[in-house]
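What follows is a short report on a single structure.
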Amino acid sequence: MCGPWPGRPRSSLLEELRMKIVSGQIGPGEILTMPTLAKAWGVSTTPVREILLELAGVGLLEARRNRGFQVKRPTVRRRV
């Protein structure tokens, strides 16, 4: 199944970015911007924004007003 971009499904881009954050290739505190990622991936900023918001929703990123999204420091969550 093809995503919004020819040959590159959205899920592939989401997973690529998620893995780079989880593996530490993109470290805590780094700022990710929509224009930079859109240019690197060769896509528009709209799907990049959706991907960044999704990763923020699961706690990997934090939105920074007028700056982009900052990679959050990993935390250990305790299950109760």
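Order determines the names: the first chain of the structure tokens is A, the second B, and so forth; residues in each chain are numbered 1 upward, and ligands are numbered 1 upward as they are shown.
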
Q) DSSP says alpha helix (DSSP H) for which residues of chain A? Put them as a PyMOL selection string? A) chain A and resi 10-23+34-41+45-57

Q: Please provide as a list in words all residues within 10 Å of Pro35 in chain A, with the sequence filter that same-chain residues fewer than 6 positions apart are discarded (counting only C-alpha atoms).
A: Trp41, Val43, Ser44, Thr45, Thr46, Val48, Arg49 and Gly68 of chain A

Q.
I'd like the contact shell of Glu30 in chain A - 10 Å cut-off, only C-alpha atoms, skipping same-chain residues fewer than 6 positions apart - returned as a list in words.
A. Ile21, Leu61, Gly68, Phe69, Gln70, Val71, Lys72 and Arg73 of chain A

Next, dump the selected residues to file, keeping only N, CA and C atoms, as an mmCIF file, in the first residue's frame.
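part-v9.cif was written with the following content:
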```cif
data_model
loop_
_atom_site.group_PDB
_atom_site.id
_atom_site.type_symbol
_atom_site.label_atom_id
_atom_site.label_comp_id
_atom_site.auth_asym_id
_atom_site.auth_seq_id
_atom_site.Cartn_x
_atom_site.Cartn_y
_atom_site.Cartn_z
ATOM 1 N N ILE A 21 14.871 8.200 17.212
ATOM 2 C CA ILE A 21 14.728 8.790 18.545
ATOM 3 C C ILE A 21 14.987 7.730 19.606
ATOM 4 N N LEU A 61 8.237 13.321 21.819
ATOM 5 C CA LEU A 61 8.548 14.707 21.481
ATOM 6 C C LEU A 61 7.694 15.653 22.308
ATOM 7 N N GLY A 68 9.655 24.285 16.964
ATOM 8 C CA GLY A 68 9.524 22.943 16.412
ATOM 9 C C GLY A 68 9.149 21.958 17.502
ATOM 10 N N PHE A 69 9.745 20.775 17.443
ATOM 11 C CA PHE A 69 9.474 19.724 18.424
ATOM 12 C C PHE A 69 10.798 19.279 19.024
ATOM 13 N N GLN A 70 10.835 19.204 20.354
ATOM 14 C CA GLN A 70 12.051 18.809 21.046
ATOM 15 C C GLN A 70 11.951 17.352 21.473
ATOM 16 N N VAL A 71 13.036 16.615 21.252
ATOM 17 C CA VAL A 71 13.088 15.221 21.675
ATOM 18 C C VAL A 71 13.162 15.205 23.200
ATOM 19 N N LYS A 72 12.254 14.449 23.803
ATOM 20 C CA LYS A 72 12.208 14.380 25.263
ATOM 21 C C LYS A 72 13.242 13.404 25.801
ATOM 22 N N ARG A 73 13.658 13.640 27.002
ATOM 23 C CA ARG A 73 14.573 12.719 27.684
ATOM 24 C C ARG A 73 13.796 11.464 28.056
#
```

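Minimum distance to Leu52 in chain A across A:Ser11, A:Leu32, A:Asn66, A:Gly27 (counting only C-alpha atoms) occurs at A:Leu32.
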
Q. Please, which residues of chain A, numbered as in this document, come out strand (DSSP E or B) from DSSP, as a count of residues only?
A. 12
